[in-house]
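Quick notes on the structure that follows.
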Amino acid sequence: MDVPGWPLIFRGSAAVGAGLVTARRLQGPAFVRVLPDTWAARHLVPLGHADRCRAVFRWSGGRGVIAGWAAAELSGAPCAPVGAPVDVVLPVRARTPAGVRVRRDRLHPGEIGWCDGVRVTTPLRTAFDLARGRDETDAVVAVDALAFRHGFAPDLLLNFAVRYGGLRGVAGVPGVLGLADRRAMSPPETRLRLLLVRAGLPRPEVQHPVLDDARRRAVWLDLAYPAVRVGIEYEGADHTGSDRVLRDATRVTRLVDAGWRIYRYTRFDLRDEPGRIVAEIGRALDHAPSGTP
């Protein structure tokens with residue numbers, strides 16, 4: 001008898017019933033119970049995100065569809081808030097274990113796919129579900145991340161809004177799409193853009209190319225106001241490697257030499273001093289000389 005997931009992440013009762021393991025050995029050092037009747041090989045614990053999704057899928061008996069933030073992460077669009085539960089759509093009511101959120105949404109067969117052996121909502125359906133979230137910033141972050149990773153236009157989500165007009169949060173979807181931009185390459189870049197726009201500053205260009213004629217290539221700015229040559233960069237962890245630091249130094253020098261004012265921000269600036277960011281960019285726009293890139 002084939003037991004899905006054996007011997008990595010599997011239903012314990014199925015494995016015992018198939019004679020693959022005894023109940024006594026299941027309770028031993030080789031396995032760890034991670035959800036009701038759901039076990040994982042000890043070397044996998046603590047479970048990474050993909051394995052958490054597999055565990056929830058096994059717990060559902062293969063009937064569930066992983067959705068929401070979990071589906072976004074599993075599809076290669078990392079954007080989930082810290083501590084987000086694993087959402088699973090189930091056709092029946094079930095007692096929900098910790099770290100899992102059961103939903104009973106209607107899903108069209110075309111809105112379900114497979115990823116790493118787990119049934120998941122498609123990127124478009126996942127984006128629609130997350131666009132209906134209570135926190136507008138998180139919703140825009142999710143739509144940006146999924147649209148960038150999977151190459152779709154955010155406005156396509158309006159089709160879902162028409163199809164599922166009665167669902168909670170649908171009324172807010174157009175507003176989210178009005179703020180979304182498929183060119184945003186990371187959630188912090190989206191958060192930085194929203195910070196500026198909500199403060200009343202003009203909407204910046206996203207991933208703006210600045211031509212470097214001497215080197216015959218383009219330098220891309222995370223955010224930019226090209227008419228006044230103000231560029232804004234989000235410096236994430238990938239910018240801290242020694243080689244990247246040296247390349248960034250040359251890159252910024254080339255931009256400054258071309259007449260650009262460059263503002264660089266980190267996660268600490270976004271978290272601790274958003275007001276300072278707004279004030280600095282506001283002053284830059286007020287006093288920047290007019291010109292063209």
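Here, A, B, ... name the chains of the structure tokens in the order displayed, residue numbers run from 1 inside each chain, and ligands are numbered from 1 in the same displayed order.
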Using only C-alpha atoms, find each residue in stretch 87-180 of chain A having at least one atom no more than 8 Å away from stretch 51-67 of chain A; report its shortest atom-to-atom pair and that distance in Å (one decimal), rows by chain then rising number, as JSON lines.
{"residue": "A:Asp87", "atom": "CA", "partner": "A:Ala67", "partner_atom": "CA", "distance": 5.2}
{"residue": "A:Val88", "atom": "CA", "partner": "A:Ile66", "partner_atom": "CA", "distance": 4.4}
{"residue": "A:Val89", "atom": "CA", "partner": "A:Val65", "partner_atom": "CA", "distance": 5.0}
{"residue": "A:Leu90", "atom": "CA", "partner": "A:Gly64", "partner_atom": "CA", "distance": 4.8}
{"residue": "A:Pro91", "atom": "CA", "partner": "A:Gly64", "partner_atom": "CA", "distance": 7.5}
{"residue": "A:Val100", "atom": "CA", "partner": "A:Val56", "partner_atom": "CA", "distance": 7.5}
{"residue": "A:Ile112", "atom": "CA", "partner": "A:Val65", "partner_atom": "CA", "distance": 7.5}
{"residue": "A:Gly117", "atom": "CA", "partner": "A:Arg54", "partner_atom": "CA", "distance": 7.8}
{"residue": "A:Val118", "atom": "CA", "partner": "A:Arg54", "partner_atom": "CA", "distance": 6.3}
{"residue": "A:Arg119", "atom": "CA", "partner": "A:Val65", "partner_atom": "CA", "distance": 5.0}
{"residue": "A:Val120", "atom": "CA", "partner": "A:Ile66", "partner_atom": "CA", "distance": 4.5}
{"residue": "A:Thr121", "atom": "CA", "partner": "A:Ala67", "partner_atom": "CA", "distance": 5.4}
{"residue": "A:Thr126", "atom": "CA", "partner": "A:Ala67", "partner_atom": "CA", "distance": 6.3}
Write out as number ranges by chain which residues come within 7 Å of A:Trp220 when counting only C-alpha atoms, dropping same-chain ones fewer than 3 positions away.
A: 207-210
File dump, residues just selected, N, CA, C and O atoms, as a JSON list (two decimals), in the first residue's frame:
[["chain", "number", "residue", "atom", "x", "y", "z"],
["A", 207, "GLN", "N", 11.70, 50.73, -10.91],
["A", 207, "GLN", "CA", 12.75, 50.12, -11.74],
["A", 207, "GLN", "C", 13.03, 50.99, -12.97],
["A", 207, "GLN", "O", 12.92, 50.56, -14.11],
["A", 208, "HIS", "N", 13.43, 52.21, -12.68],
["A", 208, "HIS", "CA", 13.69, 53.18, -13.76],
["A", 208, "HIS", "C", 15.11, 53.00, -14.31],
["A", 208, "HIS", "O", 16.08, 52.99, -13.55],
["A", 209, "PRO", "N", 15.27, 52.87, -15.64],
["A", 209, "PRO", "CA", 16.61, 52.71, -16.22],
["A", 209, "PRO", "C", 17.27, 54.06, -16.49],
["A", 209, "PRO", "O", 16.66, 54.98, -17.04],
["A", 210, "VAL", "N", 18.52, 54.17, -16.08],
["A", 210, "VAL", "CA", 19.33, 55.34, -16.40],
["A", 210, "VAL", "C", 20.45, 54.87, -17.32],
["A", 210, "VAL", "O", 21.26, 54.01, -16.95]]
Just list as a count of residues only whatever in stretch 52-195 of chain A DSSP marks as alpha helix (DSSP H).
62
Which neighbours of A:Leu26 fall inside 10 Å, counting only C-alpha atoms, when residues of the same chain fewer than 3 positions from it are skipped, and could you give them as a PyMOL selection string?
chain A and resi 12-13+15-16+20-23+29-33+39-41
DSSP on the backbone, then: every residue of stretch 34-267 of chain A marked strand (DSSP E), written as an MDAnalysis selection string.
chainID A and resid 34:35 38:41 65:67 86:89 100:103 112:115 118:121 205:212 217:225 230:234 261:265
Any idea what's packed within 12 Å of A:Ala145, counting only C-alpha atoms, ignoring anything in its chain fewer than 4 positions away? Could you give it as a PyMOL selection string?
chain A and resi 69+72-73+75-80+123-124+126-127+130-131+138-141+149-154+180-191
Name the closest residue to A:Pro85 among the candidates A:Ala279, A:Leu221, A:Ala71, A:Ala161; distances are taken between atoms, counting only C-alpha atoms.
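Result for the nearest residue to A:Pro85: A:Ala71.
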For A:Arg254, list every protein, DNA or RNA residue within 12 Å, evaluated using only C-alpha atoms, and leave out those in the same chain fewer than 3 positions away; present the list as a list in words.
Val210, Leu211, Asp212, Asp213, Ala214, Arg215, Arg217, Ala218, Val219, Trp220, Arg247, Asp248, Ala249, Thr250, Arg251, Asp257, Ala258, Gly259, Trp260, Arg261 and Ile262 of chain A
